[in-house]
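Colleague: Here you go, this is protein.cif (mmCIF, C-alpha atoms (C1' of nucleotides)).
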```cif
data_structure
loop_
_atom_site.label_atom_id
_atom_site.label_comp_id
_atom_site.auth_asym_id
_atom_site.auth_seq_id
_atom_site.Cartn_x
_atom_site.Cartn_y
_atom_site.Cartn_z
CA MET A 1201 -19.14 -12.88 20.41
CA ARG A 1202 -20.23 -11.62 23.77
CA VAL A 1203 -17.20 -13.30 25.24
CA ASP A 1204 -14.89 -11.72 22.68
CA LEU A 1205 -16.19 -8.24 23.23
CA GLY A 1206 -15.55 -8.79 26.91
CA THR A 1207 -12.03 -9.82 26.08
CA PHE A 1208 -11.66 -6.75 23.93
CA GLN A 1209 -12.65 -4.60 26.86
CA GLU A 1210 -10.26 -6.44 29.16
CA ARG A 1211 -7.38 -5.98 26.80
CA LEU A 1212 -8.17 -2.33 26.31
CA ARG A 1213 -8.32 -1.76 30.05
CA GLY A 1214 -5.04 -3.58 30.46
CA ARG A 1215 -3.48 -0.99 28.21
CA GLY A 1216 -5.18 2.02 29.69
CA LEU A 1217 -7.46 2.39 26.68
CA LYS A 1218 -11.14 3.16 26.65
CA LEU A 1219 -13.97 1.10 25.23
CA THR A 1220 -15.64 3.71 23.08
CA ARG A 1221 -18.66 3.41 20.87
CA PRO A 1222 -16.68 3.43 17.58
CA ARG A 1223 -14.30 0.78 18.87
CA ARG A 1224 -17.18 -1.39 19.95
CA LEU A 1225 -18.90 -0.98 16.59
CA VAL A 1226 -15.78 -1.98 14.68
CA ALA A 1227 -15.13 -5.02 16.85
CA GLU A 1228 -18.76 -6.15 16.72
CA LYS A 1229 -18.97 -5.82 12.97
CA LEU A 1230 -15.75 -7.76 12.46
CA LEU A 1231 -16.90 -10.51 14.78
CA SER A 1232 -20.37 -10.79 13.33
CA THR A 1233 -19.20 -10.82 9.73
CA GLY A 1234 -16.47 -13.43 10.06
CA GLY A 1235 -14.23 -14.30 7.15
CA HIS A 1236 -11.56 -11.97 5.85
CA LEU A 1237 -12.54 -8.32 5.87
CA ALA A 1238 -10.60 -5.28 4.67
CA ALA A 1239 -10.64 -1.87 6.35
CA ASP A 1240 -12.64 -0.37 3.55
CA ASP A 1241 -15.25 -3.15 3.61
CA LEU A 1242 -15.68 -2.43 7.27
CA ILE A 1243 -16.11 1.30 6.66
CA GLN A 1244 -18.76 0.64 4.02
CA LEU A 1245 -20.64 -1.89 6.13
CA LEU A 1246 -20.73 0.43 9.12
CA ARG A 1247 -21.93 3.29 6.98
CA ARG A 1248 -24.69 1.11 5.52
CA ASP A 1249 -25.77 0.16 9.01
CA GLY A 1250 -26.25 3.80 9.86
CA THR A 1251 -23.42 3.64 12.36
CA PRO A 1252 -20.58 5.25 10.42
CA VAL A 1253 -17.11 5.30 11.91
CA GLY A 1254 -14.33 7.55 10.62
CA ARG A 1255 -11.65 6.08 8.44
CA ALA A 1256 -8.84 7.00 10.79
CA THR A 1257 -10.66 5.41 13.69
CA VAL A 1258 -11.28 2.17 11.81
CA TYR A 1259 -7.61 1.88 10.95
CA ARG A 1260 -6.59 2.73 14.49
CA THR A 1261 -9.00 0.19 15.95
CA LEU A 1262 -7.78 -2.52 13.60
CA ALA A 1263 -4.23 -1.82 14.77
CA ILE A 1264 -5.34 -2.22 18.37
CA LEU A 1265 -7.21 -5.44 17.63
CA ARG A 1266 -4.15 -6.84 15.93
CA THR A 1267 -1.73 -5.78 18.63
CA ALA A 1268 -3.99 -7.23 21.29
CA GLY A 1269 -3.88 -10.58 19.50
CA LEU A 1270 -7.61 -10.63 18.82
CA PHE A 1271 -7.33 -10.49 15.05
CA ASP A 1272 -4.72 -11.49 12.50
CA GLU A 1273 -3.79 -9.33 9.57
CA HIS A 1274 -3.08 -10.88 6.18
CA ASP A 1275 -1.90 -9.52 2.89
CA PHE A 1276 -2.87 -11.68 -0.06
CA GLY A 1277 -1.43 -9.20 -2.51
CA SER A 1278 -4.74 -7.63 -3.44
CA GLY A 1279 -3.54 -4.20 -2.43
CA HIS A 1280 -5.24 -4.09 0.94
CA LYS A 1281 -4.86 -5.98 4.18
CA VAL A 1282 -7.61 -8.21 5.48
CA TYR A 1283 -8.45 -9.12 9.05
CA GLU A 1284 -9.48 -12.43 10.47
CA ARG A 1285 -10.49 -13.43 13.95
CA ALA A 1286 -7.60 -15.02 15.84
CA LEU A 1287 -8.68 -15.32 19.44
CA GLY A 1288 -9.95 -18.76 20.32
CA ARG A 1289 -9.19 -20.21 16.92
CA PRO A 1290 -6.35 -22.60 16.19
CA HIS A 1291 -3.36 -21.33 14.26
CA HIS A 1292 -3.47 -21.97 10.53
CA ASP A 1293 -2.01 -20.84 7.23
CA HIS A 1294 -3.63 -20.20 3.84
CA LEU A 1295 -4.16 -21.29 0.29
CA PHE A 1296 -5.28 -18.40 -1.91
CA CYS A 1297 -7.03 -18.93 -5.25
CA ILE A 1298 -5.68 -16.44 -7.77
CA SER A 1299 -8.71 -17.05 -9.95
CA CYS A 1300 -11.71 -16.60 -7.67
CA GLY A 1301 -10.05 -15.10 -4.59
CA ALA A 1302 -11.12 -17.93 -2.30
CA VAL A 1303 -9.15 -18.25 0.93
CA ILE A 1304 -8.70 -21.78 2.24
CA GLU A 1305 -7.24 -22.41 5.66
CA PHE A 1306 -4.91 -25.30 6.33
CA ARG A 1307 -3.15 -26.71 9.35
CA GLU A 1308 0.05 -28.66 9.06
CA PRO A 1309 1.84 -29.05 12.38
CA ARG A 1310 4.71 -30.83 10.67
CA ILE A 1311 5.50 -27.66 8.75
CA GLU A 1312 5.41 -25.68 11.96
CA ARG A 1313 7.89 -28.07 13.51
CA LEU A 1314 10.21 -27.81 10.54
CA GLN A 1315 10.01 -24.04 10.83
CA ASP A 1316 11.27 -24.35 14.36
CA ASP A 1317 14.13 -26.45 13.01
CA VAL A 1318 14.96 -23.72 10.53
CA THR A 1319 14.94 -20.91 13.04
CA ARG A 1320 17.07 -22.95 15.42
CA ARG A 1321 19.52 -23.59 12.63
CA TYR A 1322 19.95 -19.84 12.09
CA ARG A 1323 19.74 -18.88 15.76
CA PHE A 1324 16.72 -16.82 14.81
CA THR A 1325 13.98 -15.86 17.28
CA ALA A 1326 10.69 -16.20 15.42
CA MET A 1327 7.86 -13.88 16.40
CA TYR A 1328 5.34 -14.64 13.67
CA HIS A 1329 5.23 -16.03 10.19
CA SER A 1330 3.38 -15.86 6.95
CA HIS A 1331 2.91 -18.93 4.82
CA LYS A 1332 0.69 -18.64 1.78
CA ILE A 1333 0.31 -20.86 -1.23
CA PHE A 1334 -1.14 -19.23 -4.34
CA GLY A 1335 -2.75 -21.13 -7.18
CA TYR A 1336 -6.06 -22.52 -8.37
CA CYS A 1337 -8.65 -23.98 -6.05
CA ARG A 1338 -10.54 -27.19 -6.74
CA ARG A 1339 -13.23 -25.33 -8.66
CA CYS A 1340 -10.93 -23.14 -10.72
CA ARG A 1341 -8.40 -25.82 -11.65
CA GLY A 1342 -9.77 -26.12 -15.16
CA GLN A 1343 -8.87 -22.51 -15.78
CA ALA A 1344 -5.25 -22.98 -14.78
CA ARG A 1345 -3.20 -21.81 -17.76
CA ALA A 1346 -0.57 -24.52 -17.36
CA PRO A 1347 -0.10 -27.66 -15.30
CA ALA A 1348 1.46 -26.97 -11.94
CA PRO A 1349 5.25 -26.81 -12.02
CA ALA A 1350 7.12 -29.48 -10.09
CA ARG A 1351 7.49 -27.07 -7.22
CA THR A 1352 6.12 -23.63 -6.52
CA GLU A 1353 8.30 -20.88 -7.83
CA ARG A 1354 7.17 -17.28 -7.84
CA HIS A 1355 7.06 -15.43 -4.58
CA ALA A 1356 4.92 -12.51 -3.63
CA MET B 1204 25.85 -11.57 -15.74
CA ARG B 1205 26.62 -11.63 -19.41
CA VAL B 1206 24.78 -14.91 -19.57
CA ASP B 1207 21.76 -13.48 -17.77
CA LEU B 1208 21.48 -10.49 -20.03
CA GLY B 1209 21.54 -12.88 -22.93
CA THR B 1210 18.74 -14.83 -21.31
CA PHE B 1211 16.85 -11.61 -20.78
CA GLN B 1212 17.13 -10.86 -24.47
CA GLU B 1213 16.02 -14.39 -25.37
CA ARG B 1214 12.98 -14.16 -23.17
CA LEU B 1215 12.07 -10.76 -24.52
CA ARG B 1216 12.36 -12.02 -28.08
CA GLY B 1217 10.27 -15.02 -27.20
CA ARG B 1218 7.50 -12.66 -26.24
CA GLY B 1219 7.88 -10.29 -29.14
CA LEU B 1220 9.44 -7.63 -26.94
CA LYS B 1221 12.40 -5.42 -27.73
CA LEU B 1222 15.66 -5.14 -25.87
CA THR B 1223 15.82 -1.40 -25.40
CA ARG B 1224 18.42 0.69 -23.65
CA PRO B 1225 16.27 1.40 -20.55
CA ARG B 1226 15.42 -2.27 -20.16
CA ARG B 1227 19.05 -3.21 -20.44
CA LEU B 1228 20.06 -0.60 -17.89
CA VAL B 1229 17.47 -1.82 -15.38
CA ALA B 1230 18.43 -5.47 -15.79
CA GLU B 1231 22.16 -4.74 -15.58
CA LYS B 1232 21.81 -2.65 -12.48
CA LEU B 1233 19.69 -5.29 -10.75
CA LEU B 1234 22.14 -8.02 -11.64
CA SER B 1235 25.24 -6.06 -10.64
CA THR B 1236 23.80 -4.94 -7.33
CA GLY B 1237 22.51 -8.27 -6.10
CA GLY B 1238 20.55 -8.57 -2.88
CA HIS B 1239 17.01 -7.30 -2.51
CA LEU B 1240 16.35 -4.05 -4.33
CA ALA B 1241 13.18 -1.94 -4.45
CA ALA B 1242 11.94 -0.07 -7.51
CA ASP B 1243 12.79 3.25 -5.95
CA ASP B 1244 16.33 2.17 -5.04
CA LEU B 1245 16.78 1.23 -8.63
CA ILE B 1246 15.52 4.58 -9.87
CA GLN B 1247 17.90 6.42 -7.52
CA LEU B 1248 20.88 4.29 -8.46
CA LEU B 1249 20.29 4.73 -12.16
CA ARG B 1250 19.90 8.47 -11.74
CA ARG B 1251 23.15 8.64 -9.76
CA ASP B 1252 24.89 6.73 -12.52
CA GLY B 1253 23.87 9.37 -15.00
CA THR B 1254 21.67 6.88 -16.82
CA PRO B 1255 18.23 7.80 -15.52
CA VAL B 1256 15.25 5.68 -16.46
CA GLY B 1257 11.67 6.84 -16.04
CA ARG B 1258 9.64 5.58 -13.13
CA ALA B 1259 6.99 3.99 -15.31
CA THR B 1260 9.62 2.18 -17.31
CA VAL B 1261 11.37 0.82 -14.25
CA TYR B 1262 8.10 -0.58 -12.93
CA ARG B 1263 7.21 -1.99 -16.31
CA THR B 1264 10.60 -3.61 -16.71
CA LEU B 1265 10.42 -5.14 -13.25
CA ALA B 1266 7.08 -6.66 -14.18
CA ILE B 1267 8.61 -8.17 -17.30
CA LEU B 1268 11.59 -9.53 -15.37
CA ARG B 1269 9.27 -11.14 -12.89
CA THR B 1270 6.94 -12.60 -15.47
CA ALA B 1271 9.87 -13.99 -17.40
CA GLY B 1272 11.02 -15.82 -14.27
CA LEU B 1273 14.31 -13.94 -14.08
CA PHE B 1274 13.59 -12.20 -10.79
CA ASP B 1275 11.40 -12.92 -7.80
CA GLU B 1276 9.31 -10.27 -6.12
CA HIS B 1277 8.97 -10.22 -2.33
CA ASP B 1278 6.98 -8.13 0.07
CA PHE B 1279 8.45 -8.04 3.55
CA GLY B 1280 5.85 -5.58 4.73
CA SER B 1281 8.07 -2.53 4.45
CA GLY B 1282 5.63 -0.83 2.11
CA HIS B 1283 7.45 -1.57 -1.10
CA LYS B 1284 8.26 -4.71 -3.04
CA VAL B 1285 11.82 -5.89 -3.47
CA TYR B 1286 13.34 -7.89 -6.28
CA GLU B 1287 15.85 -10.69 -6.13
CA ARG B 1288 17.55 -12.64 -8.84
CA ALA B 1289 15.85 -15.97 -9.44
CA LEU B 1290 17.34 -17.41 -12.59
CA GLY B 1291 20.05 -19.95 -11.94
CA ARG B 1292 19.59 -19.85 -8.19
CA PRO B 1293 17.98 -22.57 -6.14
CA HIS B 1294 14.54 -21.96 -4.71
CA HIS B 1295 14.51 -20.70 -1.13
CA ASP B 1296 12.36 -18.91 1.42
CA HIS B 1297 13.16 -16.18 3.93
CA LEU B 1298 13.70 -15.16 7.50
CA PHE B 1299 13.25 -11.41 7.99
CA CYS B 1300 14.68 -9.56 10.98
CA ILE B 1301 12.12 -7.02 12.20
CA SER B 1302 14.87 -5.21 14.08
CA CYS B 1303 17.63 -4.65 11.53
CA GLY B 1304 15.85 -5.59 8.32
CA ALA B 1305 18.24 -8.40 7.47
CA VAL B 1306 16.98 -10.96 5.00
CA ILE B 1307 18.20 -14.51 5.52
CA GLU B 1308 17.54 -17.20 2.95
CA PHE B 1309 16.74 -20.74 3.95
CA ARG B 1310 16.08 -23.98 2.13
CA GLU B 1311 14.01 -26.74 3.62
CA PRO B 1312 12.94 -29.32 1.06
CA ARG B 1313 10.93 -31.16 3.68
CA ILE B 1314 8.66 -28.14 4.03
CA GLU B 1315 8.24 -28.01 0.27
CA ARG B 1316 7.21 -31.65 0.27
CA LEU B 1317 4.68 -31.07 3.02
CA GLN B 1318 3.29 -28.18 1.01
CA ASP B 1319 2.69 -30.58 -1.81
CA ASP B 1320 0.85 -32.80 0.66
CA VAL B 1321 -1.33 -29.90 1.69
CA THR B 1322 -2.23 -28.84 -1.83
CA ARG B 1323 -3.02 -32.42 -2.75
CA ARG B 1324 -5.26 -32.69 0.27
CA TYR B 1325 -7.29 -29.69 -0.92
CA ARG B 1326 -7.11 -30.53 -4.63
CA PHE B 1327 -5.36 -27.21 -5.07
CA THR B 1328 -3.04 -26.45 -7.99
CA ALA B 1329 -0.14 -24.45 -6.54
CA MET B 1330 1.52 -21.89 -8.78
CA TYR B 1331 3.83 -20.17 -6.29
CA HIS B 1332 4.11 -19.60 -2.61
CA SER B 1333 5.37 -17.18 -0.04
CA HIS B 1334 6.85 -18.41 3.20
CA LYS B 1335 8.40 -15.84 5.51
CA ILE B 1336 9.35 -16.03 9.13
CA PHE B 1337 9.62 -12.71 10.97
CA GLY B 1338 11.56 -12.21 14.16
CA TYR B 1339 15.00 -11.34 15.49
CA CYS B 1340 18.20 -12.45 13.83
CA ARG B 1341 21.16 -13.82 15.70
CA ARG B 1342 22.59 -10.35 16.26
CA CYS B 1343 19.37 -8.68 17.30
CA ARG B 1344 18.12 -11.42 19.62
CA GLY B 1345 19.09 -9.47 22.73
CA GLN B 1346 16.70 -6.74 21.71
CA ALA B 1347 13.74 -9.08 21.45
CA ARG B 1348 11.09 -7.65 23.76
CA ALA B 1349 9.90 -11.04 24.94
CA PRO B 1350 11.05 -14.63 24.62
CA ALA B 1351 9.75 -16.31 21.51
CA PRO B 1352 6.27 -17.81 21.93
CA ALA B 1353 5.95 -21.57 21.66
CA ARG B 1354 4.89 -21.18 18.08
CA THR B 1355 4.74 -18.24 15.72
CA GLU B 1356 1.45 -16.41 15.85
CA ARG B 1357 0.92 -13.12 14.09
CA HIS B 1358 0.60 -13.15 10.36
CA ALA B 1359 1.38 -10.38 7.91
"C1'" DC C 668 17.02 2.25 -44.76
"C1'" DA C 669 12.18 3.19 -44.08
"C1'" DG C 670 7.93 2.18 -41.87
"C1'" DA C 671 5.06 0.13 -38.31
"C1'" DG C 672 4.46 -0.80 -34.11
"C1'" DA C 673 6.66 -1.12 -29.72
"C1'" DC C 674 8.57 1.70 -26.20
"C1'" DT C 675 9.55 5.72 -23.23
"C1'" DG C 676 8.79 9.10 -19.68
"C1'" DA C 677 6.84 13.47 -17.68
"C1'" DG C 678 3.29 14.17 -15.16
"C1'" DA C 679 -1.40 13.29 -13.75
"C1'" DC C 680 -3.78 9.99 -11.24
"C1'" DT C 681 -5.23 6.23 -7.80
"C1'" DC C 682 -5.82 4.46 -3.54
"C1'" DA C 683 -4.52 2.36 0.94
"C1'" DG C 684 -3.04 4.05 4.77
"C1'" DT C 685 -1.22 7.99 8.08
"C1'" DA C 686 -1.01 12.63 10.31
"C1'" DT C 687 -3.28 16.76 12.15
"C1'" DC C 688 -5.94 19.10 15.32
"C1'" DA C 689 -10.20 21.19 16.98
"C1'" DA C 690 -14.26 19.27 18.96
"C1'" DT C 691 -16.12 15.44 21.63
"C1'" DT C 692 -16.47 11.79 25.09
"C1'" DA C 693 -15.29 8.02 28.48
"C1'" DG C 694 -14.98 7.14 32.94
"C1'" DA C 695 -12.20 8.06 37.37
"C1'" DG C 696 -12.72 10.59 41.36
"C1'" DG C 697 -15.40 12.96 43.91
"C1'" DC D 320 -24.82 11.75 39.51
"C1'" DC D 321 -21.52 15.48 38.25
"C1'" DT D 322 -17.16 17.33 36.88
"C1'" DC D 323 -12.89 17.43 34.87
"C1'" DT D 324 -9.14 15.80 32.15
"C1'" DA D 325 -6.90 12.98 29.24
"C1'" DA D 326 -8.05 9.96 25.69
"C1'" DT D 327 -10.54 9.66 21.50
"C1'" DT D 328 -12.79 10.94 17.29
"C1'" DG D 329 -13.17 12.23 12.48
"C1'" DA D 330 -13.10 15.66 8.60
"C1'" DT D 331 -9.63 16.63 5.90
"C1'" DA D 332 -5.07 17.06 4.22
"C1'" DC D 333 -1.27 14.41 3.24
"C1'" DT D 334 2.03 10.52 1.78
"C1'" DG D 335 4.04 7.36 -1.14
"C1'" DA D 336 4.06 3.19 -3.96
"C1'" DG D 337 2.49 2.05 -8.02
"C1'" DT D 338 -0.43 2.85 -12.53
"C1'" DC D 339 -2.19 5.37 -16.56
"C1'" DT D 340 -1.88 8.48 -20.52
"C1'" DC D 341 -0.30 9.98 -24.68
"C1'" DA D 342 2.71 12.57 -27.60
"C1'" DG D 343 7.21 11.90 -29.03
"C1'" DT D 344 11.08 8.37 -29.76
"C1'" DC D 345 13.32 4.18 -30.88
"C1'" DT D 346 13.91 -0.83 -32.38
"C1'" DC D 347 14.29 -3.91 -35.76
"C1'" DT D 348 12.10 -6.36 -39.43
"C1'" DG D 349 11.63 -6.60 -44.15
#
```
Here is the file; what I need is its structure written in the form of structure tokens.
Modeller:
Amino acid sequence: MRVDLGTFQERLRGRGLKLTRPRRLVAEKLLSTGGHLAADDLIQLLRRDGTPVGRATVYRTLAILRTAGLFDEHDFGSGHKVYERALGRPHHDHLFCISCGAVIEFREPRIERLQDDVTRRYRFTAMYHSHKIFGYCRRCRGQARAPAPARTERHA
Amino acid sequence: MRVDLGTFQERLRGRGLKLTRPRRLVAEKLLSTGGHLAADDLIQLLRRDGTPVGRATVYRTLAILRTAGLFDEHDFGSGHKVYERALGRPHHDHLFCISCGAVIEFREPRIERLQDDVTRRYRFTAMYHSHKIFGYCRRCRGQARAPAPARTERHA
DNA sequence: CAGAGACTGAGACTCAGTATCAATTAGAGG
DNA sequence: CCTCTAATTGATACTGAGTCTCAGTCTCTG
């Protein structure tokens, strides 16, 4: 965490930005909480801690953290974006349980390679991607309304 | 198109729903326009045609069309969802050009198979998935700010 | 063809996220 | 350590996609 805050400062400096108290508070809270946090969660947590940070500032800081490559932003269709530490962690994609909301990370380098195949095929220059599989996790399987279709079908 | 409207009616009936004029108008317009349309586009188009349909009804009808498996819903991060005909078309995923907004469809059965591997590995019951690659299309490549990184990195 | 229940739509509402702008603060240069 | 300026903050107003409400309307079954 210490290391990451240092990196945050470095990256800010590199862009001519200042390391202010609110920015530090947001970054620290995100790092110390881990997992997938939404902007509003962050605002509430900081308020509870007695170190409130304005809404606008939280959103602005999250944008900086994302742009600097320190955090990834994900939209699991719950109506708000969530943030997850990216720096120093291997790339991965997600399974999302539509019953309990659990987020499961997976790595599958073979899929990544096939993606490269696809982009090459279309002469497309990939910058980032989003690969999410929605369904029922191990624990919630029993509640699945129907057996899984041969292949996934709805997109979100 | 005739066939699809018939299917729409069938699926409505199957759920105890009525085929009303507004629902027919929405489905017809979506089918005749093709491509990826947002709710608001639809509302504008219908108004221009002199057959306006209320906002609430358009949204409600889109939900029905999606649930019935006739249309797929996608979120390319532009702040609104877009709808695309699903019935009678093969499953595919998308490349999205962050410069011109172009949507390119791709099929890669090998990725689908690897997805099945992944879900099996986690004892996860997949219901649907979302796989999008963002970047610069063939035409917009020149405008790419930087060469593509070794592997895609930011998620949305 | 009449009745019941489904459906519609104008408009109020929600809620994540953005814009504004006067007051505050980081931190470079002295 | 102080000063000065540009960057930053945050209360608040705003935006815009999507949802809710409910009185009036329509579908379609019997």
Colleague: With only C-alpha atoms (C1' of nucleotides) considered, list every residue of chain B at most 10 Å from chain D, as an MDAnalysis selection string.
Modeller: chainID B and resid 1220:1224 1242:1243 1258:1259 1262:1263 1282:1284
Colleague: Please evaluate the PyMOL selection byres ((chain C) within 12 of (chain B)) against the structure above and give the resulting residues as a CSV table (one decimal) with C-alpha atoms (C1' of nucleotides), in the frame of the given file.
Modeller:
```
chain,number,residue,atom,x,y,z
C,672,DG,C1',4.5,-0.8,-34.1
C,673,DA,C1',6.7,-1.1,-29.7
C,674,DC,C1',8.6,1.7,-26.2
C,675,DT,C1',9.6,5.7,-23.2
C,676,DG,C1',8.8,9.1,-19.7
C,677,DA,C1',6.8,13.5,-17.7
C,678,DG,C1',3.3,14.2,-15.2
C,683,DA,C1',-4.5,2.4,0.9
C,684,DG,C1',-3.0,4.0,4.8
```
Colleague: Output the contact residues of chain A with respect to chain B at a cut-off of 9 Å, based on only C-alpha atoms, as a PyMOL selection string.
Modeller: chain A and resi 1266+1269+1271-1275+1277+1281+1286+1291+1293+1295+1297+1304+1306-1308+1310-1316+1318-1319+1322-1341+1344+1347-1349+1351-1356
Colleague: What separation in Å, quoted to one decimal, exists between atom CA of A:Gly1214 and atom CA of A:Glu1284?
Modeller: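 Between atom CA of A:Gly1214 and atom CA of A:Glu1284 the gap is 22.3 Å.
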Colleague: Go ahead and compute the interatomic distance for atom CA of B:Arg1288 and atom CA of B:Phe1211, in Å to one decimal.
Modeller: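 Answer for the atom CA of B:Arg1288 to atom CA of B:Phe1211 separation: 12.0 Å.
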Colleague: When you draw a straight line from atom CA of B:Leu1273 to atom CA of B:Gln1212, how long is it in Å?
Modeller: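 Result for atom CA of B:Leu1273 versus atom CA of B:Gln1212: 11.2 Å, one decimal.
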Colleague: Which of these, A:Leu1205, A:Ile1264, A:Leu1212, A:Val1258, has the shortest distance to A:Ser1232 once you count all atoms listed in the file?
Modeller: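 Checking each of A:Leu1205, A:Ile1264, A:Leu1212, A:Val1258 against A:Ser1232, counting all atoms listed in the file, the winner is A:Leu1205.
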Colleague: Edge lengths and centre, in Å to one decimal, as AutoDock Vina command-line options: that's what I need for the box along x, y and z that holds all listed atoms of stretch 676-694 of chain C plus 6 Å on each side.
Modeller:
```
--center_x -3.8 --center_y 11.8 --center_z 6.6 --size_x 37.3 --size_y 30.8 --size_z 64.6
```
